[in-house]
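Next comes work_6.cif, a file with mmCIF, C-alpha atoms.
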data_input
loop_
_atom_site.label_atom_id
_atom_site.label_comp_id
_atom_site.auth_asym_id
_atom_site.auth_seq_id
_atom_site.Cartn_x
_atom_site.Cartn_y
_atom_site.Cartn_z
CA MET A 1 128.39 43.53 94.33
CA THR A 2 129.50 46.94 93.21
CA GLY A 3 132.66 47.64 91.29
CA LEU A 4 132.25 44.87 88.67
CA PRO A 5 131.45 45.21 84.98
CA ALA A 6 127.79 44.65 84.21
CA ARG A 7 128.51 41.93 81.63
CA GLY A 8 129.73 38.65 83.10
CA LEU A 9 132.19 37.91 85.87
CA ALA A 10 135.74 36.70 85.61
CA ALA A 11 136.38 34.09 88.27
CA VAL A 12 139.13 36.07 89.95
CA ALA A 13 137.07 39.27 89.98
CA ALA A 14 134.08 37.49 91.48
CA VAL A 15 136.04 35.78 94.21
CA ALA A 16 137.85 39.00 95.08
CA LEU A 17 134.50 40.30 96.33
CA LEU A 18 134.09 37.48 98.80
CA ALA A 19 135.00 38.37 102.35
CA GLY A 20 137.11 35.62 103.84
CA CYS A 21 138.46 34.03 100.68
CA ALA A 22 141.92 34.86 101.97
CA GLY A 23 143.06 33.55 105.33
CA ALA A 24 141.89 35.35 108.45
CA GLY A 25 144.14 38.30 109.10
CA ALA A 26 144.96 38.83 105.41
CA GLY A 27 143.56 41.40 103.01
CA ALA A 28 142.26 44.91 103.50
CA LYS A 29 138.96 45.97 104.98
CA ALA A 30 137.31 49.31 105.40
CA GLY A 31 134.29 50.62 107.26
CA ALA A 32 131.11 48.78 108.18
CA GLY A 33 129.03 46.90 105.63
CA GLY A 34 125.34 46.72 105.13
CA ALA A 35 123.68 44.56 106.69
CA GLY A 36 99.04 36.25 103.98
CA GLY A 37 100.41 34.33 100.91
CA LEU A 38 100.50 30.97 99.25
CA ALA A 39 104.22 30.56 99.95
CA ARG A 40 106.12 30.85 103.19
CA SER A 41 109.73 31.90 103.63
CA PRO A 42 112.02 29.00 102.65
CA ALA A 43 114.70 30.15 105.08
CA ARG A 44 114.76 30.78 108.83
CA VAL A 45 113.42 27.33 109.59
CA ALA A 46 114.43 25.04 112.40
CA VAL A 47 117.13 22.52 111.54
CA GLY A 48 115.39 19.40 110.32
CA THR A 49 112.44 21.18 108.72
CA VAL A 50 111.91 23.10 105.50
CA SER A 51 109.29 25.29 103.91
CA ASP A 52 106.27 24.00 102.05
CA ALA A 53 106.31 26.90 99.58
CA ALA A 54 105.48 24.74 96.52
CA ALA A 55 105.16 21.36 98.25
CA PRO A 56 106.59 19.91 101.44
CA GLY A 57 110.34 20.43 101.32
CA VAL A 58 110.26 22.54 98.15
CA ALA A 59 110.93 26.30 97.88
CA THR A 60 109.36 28.39 95.14
CA LEU A 61 111.73 30.54 93.07
CA ALA A 62 111.07 33.46 90.73
CA LYS A 63 113.29 33.95 87.69
CA VAL A 64 112.99 37.58 86.63
CA VAL A 65 112.25 37.71 82.89
CA THR A 66 111.78 41.45 82.49
CA ALA A 67 112.92 44.35 84.70
CA ALA A 68 110.26 44.37 87.40
CA PRO A 69 109.06 47.52 89.21
CA ARG A 70 109.38 47.22 92.97
CA TYR A 71 106.43 47.53 95.33
CA ALA A 72 106.38 47.86 99.12
CA SER A 73 103.10 45.93 98.99
CA PRO A 74 100.86 44.97 96.07
CA GLY A 75 99.86 48.17 94.30
CA HIS A 76 102.10 50.44 96.41
CA ARG A 77 105.06 51.40 94.21
CA GLU A 78 108.49 52.13 95.65
CA PRO A 79 111.65 53.39 93.93
CA GLY A 80 113.71 51.02 91.84
CA VAL A 81 113.36 47.87 89.79
CA VAL A 82 114.38 44.26 90.22
CA PRO A 83 116.79 43.58 87.33
CA VAL A 84 116.78 40.60 84.98
CA THR A 85 120.44 39.96 85.78
CA TRP A 86 122.71 40.59 88.74
CA TRP A 87 126.35 41.08 87.69
CA GLY A 88 125.72 39.27 84.45
CA ARG A 89 123.89 36.32 85.97
CA PRO A 90 120.12 35.64 85.85
CA SER A 91 118.16 36.92 88.85
CA VAL A 92 116.60 33.84 90.43
CA LEU A 93 115.03 34.83 93.74
CA PRO A 94 113.35 32.96 96.60
CA VAL A 95 109.60 33.56 96.81
CA LEU A 96 108.46 34.49 100.30
CA ALA A 97 104.75 35.04 99.64
CA MET A 98 102.21 35.12 96.81
CA ARG A 99 98.98 36.95 96.14
CA PRO A 100 96.92 36.96 92.94
CA GLY A 101 99.13 38.65 90.34
CA TRP A 102 102.01 39.27 92.80
CA VAL A 103 105.04 37.61 94.37
CA ARG A 104 107.16 38.79 97.27
CA VAL A 105 110.80 37.94 96.71
CA ARG A 106 114.07 38.20 98.57
CA LEU A 107 116.50 40.48 96.73
CA ALA A 108 120.17 40.06 95.94
CA GLN A 109 120.94 43.77 96.27
CA ARG A 110 121.85 45.65 99.42
CA PRO A 111 120.73 45.81 102.11
CA ALA A 112 121.10 42.12 102.87
CA GLU A 113 117.80 40.30 103.45
CA SER A 114 115.79 43.04 101.70
CA THR A 115 112.55 42.07 99.97
CA ALA A 116 110.06 43.49 97.49
CA TRP A 117 106.73 42.68 95.89
CA ILE A 118 106.85 42.43 92.09
CA PRO A 119 104.22 41.63 89.44
CA LEU A 120 103.81 37.94 88.73
CA ARG A 121 103.84 38.66 84.99
CA ASP A 122 107.49 39.71 85.24
CA VAL A 123 108.77 36.36 86.52
CA ALA A 124 108.79 32.68 85.66
CA LEU A 125 108.17 30.45 88.64
CA THR A 126 110.50 27.54 89.29
CA SER A 127 111.43 25.63 92.42
CA THR A 128 114.25 24.00 94.34
CA PRO A 129 114.10 21.05 96.73
CA TYR A 130 117.28 22.20 98.45
CA LEU A 131 117.93 24.18 101.63
CA ILE A 132 121.35 24.97 103.11
CA VAL A 133 121.60 25.58 106.86
CA VAL A 134 124.85 26.96 108.27
CA ASP A 135 124.99 26.46 112.04
CA LEU A 136 127.60 28.88 113.37
CA ALA A 137 127.34 27.62 116.95
CA HIS A 138 128.40 24.13 115.88
CA THR A 139 130.46 25.21 112.81
CA ARG A 140 128.58 22.90 110.45
CA LEU A 141 126.82 23.12 107.12
CA THR A 142 123.81 20.89 106.51
CA LEU A 143 122.11 20.27 103.18
CA TYR A 144 118.42 19.28 102.96
CA GLU A 145 116.68 17.93 99.87
CA GLY A 146 112.91 17.65 99.90
CA GLY A 147 112.88 18.03 103.67
CA ARG A 148 115.38 15.20 104.16
CA ARG A 149 118.87 15.78 105.48
CA VAL A 150 121.30 14.80 102.75
CA PHE A 151 124.52 15.40 104.62
CA SER A 152 126.12 17.51 107.33
CA ALA A 153 129.75 18.61 107.17
CA PRO A 154 132.22 20.56 109.31
CA ALA A 155 132.68 24.13 108.12
CA GLY A 156 135.17 26.92 108.51
CA VAL A 157 133.26 30.09 109.40
CA GLY A 158 134.08 33.68 110.31
CA THR A 159 136.23 34.61 113.27
CA PRO A 160 134.80 36.59 116.21
CA SER A 161 136.26 39.78 114.75
CA ASP A 162 134.91 39.08 111.24
CA PRO A 163 131.89 36.85 111.86
CA THR A 164 129.66 35.22 109.28
CA PRO A 165 126.41 37.23 109.51
CA VAL A 166 123.29 35.43 110.71
CA GLY A 167 120.20 35.72 108.54
CA ASP A 168 118.14 34.58 105.56
CA TYR A 169 120.05 34.55 102.27
CA PHE A 170 120.30 32.53 99.09
CA ALA A 171 122.74 31.19 96.52
CA ALA A 172 122.99 33.87 93.82
CA PHE A 173 125.20 32.00 91.34
CA THR A 174 128.17 29.65 91.06
CA GLU A 175 131.61 30.72 89.83
CA PRO A 176 134.63 28.77 88.60
CA PRO A 177 137.42 28.78 91.20
CA PRO A 178 140.40 31.11 90.80
CA GLY A 179 142.70 28.38 92.13
CA PRO A 180 142.73 24.78 93.39
CA GLY A 181 142.43 25.78 97.05
CA TYR A 182 138.86 26.94 96.42
CA GLY A 183 137.66 23.52 95.32
CA ALA A 184 135.75 22.87 92.10
CA PHE A 185 133.58 26.00 92.32
CA VAL A 186 132.53 28.92 94.50
CA ILE A 187 128.89 29.54 95.50
CA VAL A 188 128.35 33.30 95.71
CA THR A 189 125.67 34.08 98.30
CA THR A 190 123.70 37.22 99.08
CA ASP A 191 125.09 37.33 102.63
CA ARG A 192 127.49 40.22 103.24
CA SER A 193 130.06 40.92 105.90
CA GLN A 194 128.95 43.43 108.50
CA SER A 195 132.51 44.19 109.59
CA ILE A 196 133.99 44.60 106.09
CA SER A 197 132.50 46.94 103.53
CA ASP A 198 135.19 46.95 100.84
CA TRP A 199 137.17 43.73 100.53
CA GLU A 200 140.50 44.48 98.82
CA ALA A 201 139.05 47.51 97.00
CA SER A 202 136.39 45.38 95.29
CA GLY A 203 133.49 47.58 96.36
CA ASP A 204 131.66 44.88 98.33
CA ALA A 205 132.24 41.99 100.73
CA LEU A 206 130.03 39.05 99.83
CA ILE A 207 130.04 35.76 101.68
CA GLY A 208 130.94 32.72 99.58
CA ILE A 209 130.90 28.96 100.07
CA HIS A 210 134.09 27.38 98.75
CA GLY A 211 136.97 25.02 99.46
CA PRO A 212 139.31 25.00 102.46
CA LEU A 213 142.11 27.22 101.11
CA GLY A 214 144.74 25.17 102.91
CA ALA A 215 142.76 24.93 106.16
CA SER A 216 141.65 21.30 105.84
CA GLN A 217 143.41 20.32 109.06
CA ALA A 218 141.89 23.23 110.98
CA ILE A 219 138.40 22.40 109.71
CA GLY A 220 138.92 18.73 110.54
CA THR A 221 135.79 16.96 111.79
CA THR A 222 134.42 19.71 114.02
CA GLY A 223 134.79 22.89 111.94
CA ALA A 224 136.61 26.07 112.94
CA ARG A 225 136.37 29.86 113.11
CA ILE A 226 139.03 30.73 110.56
CA SER A 227 137.71 33.04 107.84
CA HIS A 228 136.70 36.66 107.28
CA GLY A 229 133.11 35.42 106.95
CA CYS A 230 133.12 32.96 104.05
CA ILE A 231 132.07 29.35 104.56
CA ARG A 232 134.92 26.93 103.89
CA LEU A 233 134.28 23.24 103.30
CA LEU A 234 136.56 20.30 102.75
CA THR A 235 136.91 19.66 99.02
CA GLY A 236 134.80 16.49 99.00
CA ASP A 237 132.02 18.14 101.00
CA LEU A 238 131.92 21.15 98.68
CA ALA A 239 131.52 18.82 95.69
CA ARG A 240 128.25 17.57 97.18
CA LEU A 241 126.75 21.05 96.66
CA ARG A 242 127.26 20.89 92.89
CA ALA A 243 123.54 20.43 92.21
CA ILE A 244 122.49 23.56 94.14
CA PRO A 245 120.65 25.90 91.72
CA PRO A 246 120.60 29.70 91.93
CA GLY A 247 117.93 30.91 94.33
CA THR A 248 118.42 28.06 96.81
CA PRO A 249 117.69 29.41 100.32
CA ILE A 250 120.55 29.61 102.81
CA ASP A 251 119.73 29.95 106.51
CA VAL A 252 122.67 31.08 108.65
CA THR A 253 121.88 30.51 112.31
CA ALA A 254 123.68 31.28 115.56
#
Render the structure in this file as structure tokens.
Amino acid sequence: MTGLPARGLAAVAAVALLAGCAGAGAGAKAGAGGAGGLARSPARVAVGTVSDAAAPGVATLAKVVTAAPRYASPGHREPGVVPVTWWGRPSVLPVLAMRPGWVRVRLAQRPAESTAWIPLRDVALTSTPYLIVVDLAHTRLTLYEGGRRVFSAPAGVGTPSDPTPVGDYFAAFTEPPPGPGYGAFVIVTTDRSQSISDWEASGDALIGIHGPLGASQAIGTTGARISHGCIRLLTGDLARLRAIPPGTPIDVTA
């Protein structure tokens, strides 16, 4: 999420980074965007199942408490650190694997879906019972809690020219909406458009989950391919994601 001040995020500035917050066909785009443990990956699971990272249906999370050096594998240092905050918000990351003294986490930074091993001493372990699965083939979003399907709702997803990228991501943080069409809040995810690299000169093109932006009729009961990549939900359906904490895994499937 380049191009933002390091301290905090104004709602409008944050949403400006989200590919697809405007209607399909609006806005400017440029170039091509990026693209043996105790815990298993909480994402990339079949619909109807979840990881048993901390317990059945629970994903382990790591809240970074001090800037953590990155490792390609335990003991094998690589360039860079995992920061305590990402654009002014705490770094809460899904745990993919654990070894004594180490955790492997999914990162918020580019490239999308990147991972790193970091020392266990640099994080505080928490958990989430939630998993979001976005099924692009059927244009639906499904929420699981503790391995149980809570609800499934029609979703507006990316068009064929600006598709919502498939992969393993997570909810980075929640932002206030810049306007009523976005619903009560916007969930900023770590998914990024692969067809848009610079959404309206913001420096990035993140995928968000938000309200319908006037497309309620198009979304209807079956969903639709209407955005530049963001996930649009009917206002009432979005409200049901209010409890989702940062770090919650998001699995976008084809």
Practice prompt. For the file shown, report as a list in words the outcome of the PyMOL selection byres ((chain A and resi 164) around 8) at residue level.
Written response: Leu136, Val157, Gly158, Thr159, Asp162, Pro163, Pro165, Val166, Ser193, Ile207, His228, Gly229, Cys230 and Ile231 of chain A
Practice prompt. Step by step, work through what the PyMOL selection byres ((chain A and resi 122-133) around 6) selects in the shown file, and finish by giving those residues as a PyMOL selection string.
Written response: chain A and resi 57-66+68+119-121+134+141-146+249-252
Taking C-alpha atoms for each residue, export the selection above as a tab-separated table (two decimals), in the frame of the given file.
chain	number	residue	atom	x	y	z
A	57	GLY	CA	110.34	20.43	101.32
A	58	VAL	CA	110.26	22.54	98.15
A	59	ALA	CA	110.93	26.30	97.88
A	60	THR	CA	109.36	28.39	95.14
A	61	LEU	CA	111.73	30.54	93.07
A	62	ALA	CA	111.07	33.46	90.73
A	63	LYS	CA	113.29	33.95	87.69
A	64	VAL	CA	112.99	37.58	86.63
A	65	VAL	CA	112.25	37.71	82.89
A	66	THR	CA	111.78	41.45	82.49
A	68	ALA	CA	110.26	44.37	87.40
A	119	PRO	CA	104.22	41.63	89.44
A	120	LEU	CA	103.81	37.94	88.73
A	121	ARG	CA	103.84	38.66	84.99
A	134	VAL	CA	124.85	26.96	108.27
A	141	LEU	CA	126.82	23.12	107.12
A	142	THR	CA	123.81	20.89	106.51
A	143	LEU	CA	122.11	20.27	103.18
A	144	TYR	CA	118.42	19.28	102.96
A	145	GLU	CA	116.68	17.93	99.87
A	146	GLY	CA	112.91	17.65	99.90
A	249	PRO	CA	117.69	29.41	100.32
A	250	ILE	CA	120.55	29.61	102.81
A	251	ASP	CA	119.73	29.95	106.51
A	252	VAL	CA	122.67	31.08	108.65
Worksheet item: Which of these, A:Val82, A:Ala72, A:Ala254, A:Leu241, has the shortest distance to Arg110 (chain A) once you count only C-alpha atoms?
Response: A:Val82
Fill in: Residue neighbourhood Gly223 (chain A), 7 Å, all atoms listed in the file, exclusion window fewer than 4 positions, as a list in words
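The filter keeps Thr139, Arg140, Pro154, Ala155, Gly156 and Ile219 of chain A.
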Item to complete: Taking the file above as input, evaluate the PyMOL selection byres ((chain A and resi 174-182) around 7) and report the hits as a list in words.
Response: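 On the file shown, the PyMOL selection byres ((chain A and resi 174-182) around 7) covers Ala11, Val12, Phe173, Gly183, Ala184, Phe185, Val186, Ile187, Val188, His210, Gly211, Pro212, Leu213 and Gly214 of chain A.
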For the selection you just gave me, I'd like the residues written to a file as a PDB file, in the coordinates of the input, keeping C-alpha atoms.
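This went into result32.pdb:
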ATOM      1  CA  ALA A  11     136.380  34.090  88.270  1.00  0.00           C
ATOM      2  CA  VAL A  12     139.130  36.070  89.950  1.00  0.00           C
ATOM      3  CA  PHE A 173     125.200  32.000  91.340  1.00  0.00           C
ATOM      4  CA  GLY A 183     137.660  23.520  95.320  1.00  0.00           C
ATOM      5  CA  ALA A 184     135.750  22.870  92.100  1.00  0.00           C
ATOM      6  CA  PHE A 185     133.580  26.000  92.320  1.00  0.00           C
ATOM      7  CA  VAL A 186     132.530  28.920  94.500  1.00  0.00           C
ATOM      8  CA  ILE A 187     128.890  29.540  95.500  1.00  0.00           C
ATOM      9  CA  VAL A 188     128.350  33.300  95.710  1.00  0.00           C
ATOM     10  CA  HIS A 210     134.090  27.380  98.750  1.00  0.00           C
ATOM     11  CA  GLY A 211     136.970  25.020  99.460  1.00  0.00           C
ATOM     12  CA  PRO A 212     139.310  25.000 102.460  1.00  0.00           C
ATOM     13  CA  LEU A 213     142.110  27.220 101.110  1.00  0.00           C
ATOM     14  CA  GLY A 214     144.740  25.170 102.910  1.00  0.00           C
TER      15      GLY A 214
END
Worksheet item: Mind pulling up the distance from CA of Val95 (chain A) to CA of Trp117 (chain A)?
Response: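 One can read the CA of Trp117 (chain A) to CA of Val95 (chain A) distance as 9.6 Å.
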Worksheet item: List as a PyMOL selection string: which residues have an atom within 6 Å of (109.2, 46.8, 91.7), counting all atoms listed in the file?
Response: chain A and resi 68-71+81-82+118
Item to complete: Enter the distance from CA of Arg240 (chain A) to CA of Ser114 (chain A), in Å, rounded to one decimal.
Response: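 CA of Ser114 (chain A) lies at a distance of 28.7 Å from CA of Arg240 (chain A).
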Discussion item. Please report the interatomic distance between CA of Gly88 (chain A) and CA of Ala108 (chain A) in Å with one decimal.
Written reply: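 One can read the CA of Gly88 (chain A) to CA of Ala108 (chain A) distance as 12.8 Å.
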Practice prompt. Give the answer as one residue: which of A:Leu93, A:Ala224, A:Val84, A:Leu234 has the shortest atom-to-atom distance to Ala172 (chain A), using only C-alpha atoms?
Written response: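 Nearest candidate to Ala172 (chain A) out of A:Leu93, A:Ala224, A:Val84, A:Leu234: A:Leu93.
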Worksheet item: Pick the closest to Ser152 (chain A) from A:His138, A:Ile244, A:Glu78, A:Ser91: which is it, counting only C-alpha atoms?
Response: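 Checking each of A:His138, A:Ile244, A:Glu78, A:Ser91 against Ser152 (chain A), counting only C-alpha atoms, the winner is A:His138.
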Item to complete: Identify which of the residues A:Arg242, A:Asp168, A:Arg77, A:Thr222 lies closest to Ala137 (chain A), counting only C-alpha atoms when measuring atom-to-atom distances.
Response: A:Thr222
Worksheet item: Looking at A:Ala171, A:Gly247, A:Ala112, A:Gly236, which one is nearest to Val92 (chain A), with distances taken over all atoms listed in the file?
Response: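 With all atoms listed in the file as the atom set, the closest residue is A:Gly247.
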